[in-house]
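The data block below is query-v2.txt; it holds compact mmCIF, C-alpha atoms.
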# COMPACT_ATOMS: atom_id res chain seq x y z
CA MET A 24 97.06 99.92 123.91
CA ALA A 25 97.36 100.31 120.14
CA ASN A 26 97.58 97.20 118.02
CA VAL A 27 100.94 96.59 116.44
CA HIS A 28 101.06 94.85 113.08
CA LYS A 29 104.68 95.25 112.00
CA ASP A 30 104.13 93.97 108.46
CA PHE A 31 102.78 97.45 107.76
CA HIS A 32 106.40 98.61 107.63
CA GLY A 33 106.88 96.44 104.55
CA ALA A 34 103.77 97.86 102.86
CA LEU A 35 105.05 101.35 103.61
CA SER A 36 108.41 100.54 102.08
CA TYR A 37 106.63 99.36 98.92
CA ALA A 38 104.57 102.58 98.93
CA PHE A 39 107.77 104.65 98.93
CA GLU A 40 109.10 102.70 95.97
CA PHE A 41 105.82 103.14 94.10
CA LEU A 42 105.77 106.90 94.71
CA GLU A 43 109.40 107.25 93.67
CA ALA A 44 108.88 105.19 90.51
CA HIS A 45 105.82 107.14 89.42
CA TYR A 46 106.43 110.67 90.72
CA GLY A 47 110.16 110.79 91.44
CA ASP A 48 111.96 112.05 94.53
CA ASP A 49 109.87 115.22 94.47
CA GLY A 50 106.63 113.25 94.55
CA LEU A 51 107.79 111.15 97.48
CA ARG A 52 109.02 114.22 99.33
CA ASP A 53 105.80 116.12 98.57
CA PHE A 54 103.65 113.27 99.89
CA LEU A 55 105.68 112.83 103.08
CA ASP A 56 105.82 116.56 103.75
CA GLN A 57 102.02 116.85 103.62
CA LEU A 58 101.65 114.24 106.36
CA ALA A 59 102.60 116.95 108.85
CA ASP A 60 99.31 118.71 108.01
CA THR A 61 97.18 115.62 108.58
CA VAL A 62 98.52 112.50 110.28
CA TYR A 63 101.10 114.40 112.33
CA LYS A 64 99.12 117.59 112.93
CA PRO A 65 98.51 116.66 116.60
CA VAL A 66 102.27 116.24 117.06
CA VAL A 67 102.93 119.63 115.44
CA LEU A 68 100.37 121.32 117.69
CA ASP A 69 101.67 119.59 120.80
CA LEU A 70 105.26 120.52 119.94
CA LYS A 71 104.22 124.15 119.47
CA ALA A 72 102.37 124.14 122.78
CA ARG A 73 104.71 122.15 125.03
CA GLY A 74 108.04 122.18 123.26
CA LEU A 75 110.46 119.26 123.24
CA PRO A 76 108.75 117.31 126.07
CA ALA A 77 105.89 116.79 123.58
CA LEU A 78 108.26 115.22 121.09
CA GLU A 79 109.89 113.18 123.82
CA ASP A 80 106.47 111.79 124.82
CA HIS A 81 105.64 111.06 121.18
CA TRP A 82 108.84 109.10 120.58
CA ARG A 83 108.70 107.25 123.87
CA ARG A 84 105.15 106.10 123.13
CA ILE A 85 106.00 105.00 119.57
CA MET A 86 109.28 103.30 120.44
CA ASP A 87 107.77 101.44 123.38
CA LEU A 88 104.85 100.23 121.24
CA GLU A 89 107.28 99.02 118.61
CA SER A 90 109.51 97.39 121.25
CA ALA A 91 112.46 99.36 119.89
CA GLU A 92 115.96 99.42 121.34
CA TYR A 93 116.51 103.14 121.89
CA ALA A 94 117.66 105.89 124.21
CA LEU A 95 116.10 109.34 124.59
CA ARG A 96 118.00 112.14 126.32
CA MET A 97 118.40 115.90 126.45
CA ASP A 98 121.82 117.17 125.40
CA GLY A 99 121.71 120.85 126.34
CA ASP A 100 118.89 122.36 124.30
CA THR A 101 118.66 119.34 122.02
CA LEU A 102 116.48 116.24 122.30
CA VAL A 103 118.41 113.21 121.07
CA LEU A 104 116.77 109.97 119.98
CA ASP A 105 119.37 107.24 119.57
CA LEU A 106 117.69 104.37 117.79
CA HIS A 107 120.00 101.40 118.27
CA ALA A 108 117.86 98.97 116.30
CA CYS A 109 115.15 100.38 114.04
CA PRO A 110 112.03 98.22 114.47
CA ALA A 111 110.95 98.88 110.87
CA VAL A 112 114.21 97.95 109.15
CA HIS A 113 114.85 94.97 111.41
CA HIS A 114 111.31 93.60 111.01
CA MET A 115 111.47 93.89 107.22
CA ARG A 116 114.86 92.17 107.07
CA ALA A 117 113.72 89.41 109.43
CA HIS A 118 110.69 88.69 107.23
CA ASP A 119 112.39 89.07 103.84
CA TYR A 120 110.46 92.17 102.86
CA ARG A 121 112.29 94.43 100.45
CA VAL A 122 113.60 97.56 102.14
CA SER A 123 113.35 100.44 99.67
CA ASP A 124 116.70 101.98 98.75
CA HIS A 125 115.90 105.29 100.43
CA PHE A 126 113.69 103.97 103.22
CA CYS A 127 115.42 105.83 106.05
CA GLU A 128 115.22 109.14 104.19
CA HIS A 129 111.52 109.26 105.04
CA THR A 130 112.48 109.88 108.66
CA ARG A 131 114.43 112.99 107.69
CA ILE A 132 111.57 114.34 105.55
CA VAL A 133 108.78 113.67 108.05
CA ASN A 134 110.76 114.96 111.04
CA ASP A 135 111.69 118.09 109.11
CA ALA A 136 108.07 118.65 108.03
CA ILE A 137 106.79 118.34 111.61
CA CYS A 138 109.51 120.51 113.15
CA ARG A 139 109.43 123.24 110.47
CA ARG A 140 105.72 123.79 111.10
CA ALA A 141 106.31 124.09 114.85
CA GLY A 142 109.42 126.30 114.73
CA TYR A 143 111.93 123.54 115.45
CA LEU A 144 114.86 121.97 113.61
CA ALA A 145 115.45 118.27 113.06
CA THR A 146 118.51 116.38 111.86
CA VAL A 147 119.12 112.68 111.42
CA GLU A 148 122.19 110.58 110.80
CA TYR A 149 121.24 107.10 109.69
CA ASP A 150 122.89 103.89 108.62
CA GLN A 151 120.22 101.96 106.74
CA ASP A 152 122.41 98.87 106.37
CA LYS A 153 122.79 98.62 110.12
CA GLY A 154 119.21 99.77 110.79
CA ARG A 155 120.11 102.47 113.25
CA CYS A 156 120.02 106.25 113.43
CA VAL A 157 120.46 109.25 115.68
CA GLN A 158 117.79 111.93 115.49
CA ARG A 159 118.18 115.41 117.02
CA PHE A 160 115.57 118.09 117.65
CA ARG A 161 115.94 121.66 118.88
CA LYS A 162 114.16 124.99 118.74
CA ALA A 163 114.88 126.84 115.50
CA ASP A 164 116.03 130.07 117.12
CA ALA A 165 118.02 128.44 119.93
CA MET B 214 110.24 106.65 111.49
CA ILE B 215 106.61 106.30 110.61
CA SER B 216 105.26 103.85 113.15
CA CYS B 217 103.18 100.88 112.07
CA THR B 218 100.58 102.25 114.51
CA GLU B 219 100.27 105.33 112.26
CA PHE B 220 100.30 103.37 109.03
CA ILE B 221 96.54 103.26 108.44
CA TRP B 222 96.30 107.04 108.36
CA VAL B 223 99.34 107.23 106.07
CA TYR B 224 97.75 104.59 103.82
CA ASN B 225 94.56 106.68 103.62
CA GLU B 226 96.59 109.77 102.75
CA LEU B 227 98.52 107.84 100.13
CA PHE B 228 95.31 106.75 98.40
CA ARG B 229 94.08 110.35 98.37
CA TYR B 230 97.44 111.60 97.06
CA LEU B 231 97.57 109.01 94.28
CA GLU B 232 94.03 109.80 93.20
CA VAL B 233 94.79 113.53 93.00
CA ARG B 234 98.01 112.90 91.03
CA GLY B 235 96.95 110.01 88.82
CA GLY B 236 93.24 109.35 89.24
CA GLU B 237 91.49 106.26 90.54
CA GLU B 238 93.48 104.20 88.04
CA LYS B 239 96.72 104.99 89.86
CA VAL B 240 95.25 103.97 93.22
CA ARG B 241 94.22 100.62 91.76
CA GLU B 242 97.65 100.21 90.19
CA PHE B 243 99.14 100.66 93.65
CA TRP B 244 96.79 98.09 95.17
CA GLN B 245 97.69 95.67 92.38
CA GLY B 246 101.35 96.33 93.12
CA ILE B 247 100.85 95.50 96.79
CA ALA B 248 99.12 92.25 95.81
CA ASP B 249 101.92 91.33 93.41
CA ASN B 250 104.87 92.41 95.52
CA PHE B 251 103.88 92.27 99.13
CA LEU B 252 101.54 89.33 99.69
CA GLN B 253 104.04 86.55 99.08
CA ASN B 254 103.42 85.16 102.57
CA LEU B 255 99.68 84.82 101.86
CA ARG B 256 100.54 83.00 98.62
CA GLU B 257 102.76 80.60 100.57
CA TYR B 258 100.00 79.90 103.10
CA ILE B 259 97.53 79.14 100.28
CA GLU B 260 99.98 76.99 98.34
CA GLN B 261 100.84 74.95 101.42
CA ASP B 262 97.50 74.65 103.19
CA GLY B 263 94.69 75.99 100.97
CA LEU B 264 91.69 77.18 102.96
CA GLU B 265 93.39 76.26 106.22
CA GLY B 266 96.35 78.38 105.17
CA MET B 267 94.03 81.35 104.62
CA HIS B 268 92.58 80.76 108.06
CA LYS B 269 96.09 80.76 109.58
CA TYR B 270 97.11 83.91 107.66
CA TRP B 271 94.11 85.98 108.73
CA THR B 272 94.14 84.61 112.27
CA HIS B 273 97.65 86.07 112.58
CA THR B 274 97.08 89.42 110.82
CA LEU B 275 93.64 90.19 112.26
CA THR B 276 94.74 89.29 115.77
CA GLU B 277 97.65 91.73 115.47
CA GLU B 278 95.47 94.44 113.95
CA GLY B 279 92.71 94.08 116.52
CA GLY B 280 89.05 94.81 115.83
CA ARG B 281 86.15 92.40 116.07
CA HIS B 282 85.65 89.66 113.54
CA LYS B 283 84.76 86.03 113.07
CA LEU B 284 86.68 83.57 110.95
CA THR B 285 84.86 80.40 109.89
CA LEU B 286 86.59 77.42 108.33
CA TYR B 287 84.68 74.54 106.74
CA ASP B 288 86.11 71.75 104.62
CA ASP B 289 85.13 73.57 101.48
CA MET B 290 84.72 77.19 102.58
CA PHE B 291 86.51 79.95 104.47
CA ILE B 292 84.64 83.04 105.60
CA ILE B 293 85.78 86.30 107.17
CA ASP B 294 82.99 88.25 108.84
CA MET B 295 84.44 91.60 109.78
CA HIS B 296 82.16 93.29 112.27
CA ASP B 297 84.35 96.18 113.34
CA CYS B 298 87.39 96.74 111.14
CA PRO B 299 90.19 98.51 113.03
CA SER B 300 91.51 100.20 109.88
CA ALA B 301 88.14 101.54 108.77
CA LYS B 302 87.47 102.73 112.32
CA LEU B 303 90.75 104.69 112.43
CA VAL B 304 90.11 106.24 109.04
CA HIS B 305 86.50 107.18 109.65
CA HIS B 306 86.29 107.92 113.34
CA SER B 307 89.64 109.21 114.61
CA GLY B 308 89.25 112.68 113.09
CA ARG B 309 92.92 112.47 112.12
CA VAL B 310 92.45 112.33 108.34
CA GLU B 311 89.82 113.04 105.74
CA PRO B 312 88.61 109.54 104.85
CA TYR B 313 89.37 108.37 101.33
CA THR B 314 85.90 107.52 100.10
CA LYS B 315 86.96 104.21 98.54
CA TYR B 316 89.27 103.22 101.40
CA CYS B 317 87.69 99.81 101.95
CA GLU B 318 88.01 98.86 98.30
CA HIS B 319 91.70 98.15 98.80
CA CYS B 320 90.89 94.78 100.40
CA GLN B 321 88.61 93.97 97.48
CA TRP B 322 91.46 94.60 95.03
CA LEU B 323 94.17 92.96 97.11
CA TYR B 324 92.72 89.62 98.16
CA PRO B 325 89.99 88.17 95.89
CA PRO B 326 92.04 88.38 92.65
CA LEU B 327 95.03 86.73 94.35
CA ILE B 328 92.92 83.92 95.84
CA ARG B 329 91.13 83.32 92.51
CA GLU B 330 94.55 82.66 90.93
CA TYR B 331 94.49 79.39 92.89
CA GLY B 332 91.13 78.34 91.49
CA TYR B 333 88.94 79.36 94.42
CA GLU B 334 85.67 81.24 94.07
CA VAL B 335 85.58 84.46 96.07
CA ASP B 336 82.73 86.79 96.99
CA TYR B 337 83.64 90.02 98.68
CA GLU B 338 81.02 92.35 100.03
CA ILE B 339 81.60 95.71 101.67
CA ILE B 340 78.60 96.07 103.97
CA SER B 341 79.48 99.45 105.49
CA CYS B 342 82.85 101.11 105.18
CA GLU B 343 82.02 103.68 107.87
CA ARG B 344 81.05 100.93 110.29
CA GLY B 345 83.94 98.73 109.22
CA GLN B 346 81.77 95.81 108.15
CA CYS B 347 82.52 93.45 105.30
CA ARG B 348 82.44 89.76 104.43
CA MET B 349 84.69 87.62 102.28
CA THR B 350 83.61 84.11 101.34
CA VAL B 351 86.07 81.73 99.70
CA ARG B 352 84.81 78.46 98.21
CA LYS B 353 86.78 75.50 96.98
CA PRO B 354 86.33 74.99 93.26
CA PRO B 355 83.72 72.36 92.39
CA ALA B 356 85.11 68.82 92.34
CA GLY B 357 86.68 67.84 89.08
CA THR B 358 88.13 71.25 88.31
CA ASP B 359 91.74 72.31 88.75
CA GLY B 360 92.80 74.43 91.71
C-alpha cells encoding of this file:
Amino acid sequence: MANVHKDFHGALSYAFEFLEAHYGDDGLRDFLDQLADTVYKPVVLDLKARGLPALEDHWRRIMDLESAEYALRMDGDTLVLDLHACPAVHHMRAHDYRVSDHFCEHTRIVNDAICRRAGYLATVEYDQDKGRCVQRFRKADA
Amino acid sequence: MISCTEFIWVYNELFRYLEVRGGEEKVREFWQGIADNFLQNLREYIEQDGLEGMHKYWTHTLTEEGGRHKLTLYDDMFIIDMHDCPSAKLVHHSGRVEPYTKYCEHCQWLYPPLIREYGYEVDYEIISCERGQCRMTVRKPPAGTDG
C-alpha cells in the first residue's frame, strides 16, 4: 500500500504557479508534457499494450488510494472517469492551501500527453470551483 | 490529476527541469518559494509549541509519508534521524526517473533556514542520499538570548 501524504497536492499547486510565473503557460505545458516520458511512461506502455483496461486499472488504483468519490464506466468505446469530488482540490481547500488559478488544466495536459503517446485521445470537462471533472478516453482511430 | 502518490517523481522531474531552464539558482529559488509560501503550518506549530511543535509536525508528515526514522525530543533539542527516507528511495530505486543529483538538498533549503528564523540552532547533515539517510538536529538557543 502506497503512503498517502495529501499535502503534496498543495506543493504541486505551488509548483505550477512557480513554473507559470517564470516560464509562462508554455513552460508549464512543456514540463507537464514531458512527464509522459518519465513518470507516466509505465502508464503509456501499459495503455499501448492492454488498451483502456490499463487506464481503468490506473485510475481505480489512484482514486482508491486517494479515497476519491468517483465512478468509472465504459460508454461504448469510451472510458469515462467521473470525479465527483477531486481529492486534490478538496484537500487544498480544506487545509487553506492556495489552489493555483489553472490547477485543473494540468489534468488535461498530462492526460493528453499520456494518450497521444499511446495512440489514444483524452478530453476533460472540469469545474475547478466545485472540484469535480469528467474525463474521457478513447482510441484515436475509433 | 497527478496523484500525491506520484508527487515525489514529479518533484524530482521539476528540479531537473528548473536546473536545465534556469540553473541551480532557479531550483533554490523554488525551494525558497516553497519555504515561504507552503510551510505556514510548520511555522504555526513552531510558534505555538516550539520544539514540541516540530515533533508534532514531523510525527504527522513522516507517518503519512512512511519510511523508517526516529524522532527524539528533549527539553532543549529535537532530532530527526532518517534511516530510510521514502522520497529518496522512490527517486533512487524505483527506476521511474533519472535521479536529480541534489534531490536531498531540498530539505536542507526548506527547513533549517525557516527554523533558524525562530532563534533555534540547526545542523542538517545528508549522510547518504542514495540510501535515504540524513539527520537534522535543532537546539534551543542558549539561555538569555531571544528566540
key: Best match for closeness to A:His114 among A:Glu43, A:Asp150, A:Glu89, A:Glu128, counting all atoms listed in the file   =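 Distance minimum relative to A:His114 lands on A:Glu89.
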request  = Tell me the residues of chain B close to chain A, meaning within 12 Å using only C-alpha atoms, as a PyMOL selection string.
outcome  = chain B and resi 214-231+233-235+239-240+242-254+273-280+299-300+303-304+307-312
message = Using all atoms listed in the file, can you tell me which of B:Leu284, B:Ala301, B:Ile259, B:Met295 comes closest to B:Ile328?
response = B:Ile259
Residues of stretch 263-316 of chain B that approach stretch 336-349 of chain B to 9 Å or less, counting all atoms listed in the file: could you list each one with the shortest pair of atoms and its distance in Å to one decimal, rows by chain and increasing residue number, as CSV?
residue,atom,partner,partner_atom,distance
B:Phe291,CA,B:Met349,CA,8.2
B:Ile292,CA,B:Met349,CA,5.7
B:Ile293,CA,B:Met349,CA,5.2
B:Asp294,CA,B:Arg348,CA,4.7
B:Met295,CA,B:Cys347,CA,5.2
B:His296,CA,B:Gln346,CA,4.8
B:Asp297,CA,B:Gly345,CA,4.9
B:Cys298,CA,B:Gly345,CA,4.4
B:Pro299,CA,B:Gly345,CA,7.3
B:Ser300,CA,B:Gly345,CA,7.7
B:Ala301,CA,B:Gly345,CA,5.1
B:Lys302,CA,B:Gly345,CA,6.2
B:Val304,CA,B:Glu343,CA,8.6
B:His305,CA,B:Glu343,CA,6.0
B:His306,CA,B:Glu343,CA,8.1
B:Thr314,CA,B:Cys342,CA,8.7
B:Lys315,CA,B:Cys342,CA,8.4
B:Tyr316,CA,B:Cys342,CA,7.7
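Atom CA of B:Lys353 is positioned 12.9 Å from atom CA of B:Gly266.
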key: Counting all atoms listed in the file, the residue of A:Ala108, A:Leu95, A:Val103, A:Val66 that sits nearest A:Arg139   = A:Val66
message = Taking 6 positions as the minimum chain separation for residues in the same chain, which residues sit within 7 Å of A:Ala163 when counting only C-alpha atoms? Answer as a ChimeraX atom specification.
response = /A:142-144
task = Quick one: pull the distance between atom CA of A:Arg161 and atom CA of A:Cys138, Å, one decimal.
result =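 Separation of atom CA of A:Arg161 and atom CA of A:Cys138: 8.7 Å.
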Counting all atoms listed in the file, the option among A:Asp135, A:Glu148, A:Asp105, A:Glu40 closest to A:Arg83 = A:Asp105
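Put simply, atom CA of A:Gln151 is 10.0 Å away from atom CA of A:His113.
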ask   = For B:His268, which residue among B:Arg281, B:Tyr287, B:Pro325, B:Glu238 is the nearest when counting only C-alpha atoms?
value = B:Tyr287
Calculate, to one decimal in Å, the centre and edge lengths of the box along x, y and z of the file that holds all listed atoms of stretch 322-325 of chain B with 6 Å of margin on each side, and present them as AutoDock Vina command-line options.
--center_x 92.1 --center_y 91.4 --center_z 96.6 --size_x 16.2 --size_y 18.4 --size_z 15.1
Residues near A:Val157, anyone? I mean within 9 Å using all atoms listed in the file, not counting same-chain ones fewer than 2 positions away, as a compact mmCIF listing (two decimals) with C-alpha atoms, keeping the file's coordinate frame.
# COMPACT_ATOMS: atom_id res chain seq x y z
CA VAL A 103 118.41 113.21 121.07
CA LEU A 104 116.77 109.97 119.98
CA ASP A 105 119.37 107.24 119.57
CA LEU A 106 117.69 104.37 117.79
CA HIS A 107 120.00 101.40 118.27
CA THR A 146 118.51 116.38 111.86
CA VAL A 147 119.12 112.68 111.42
CA GLU A 148 122.19 110.58 110.80
CA TYR A 149 121.24 107.10 109.69
CA ARG A 155 120.11 102.47 113.25
CA ARG A 159 118.18 115.41 117.02
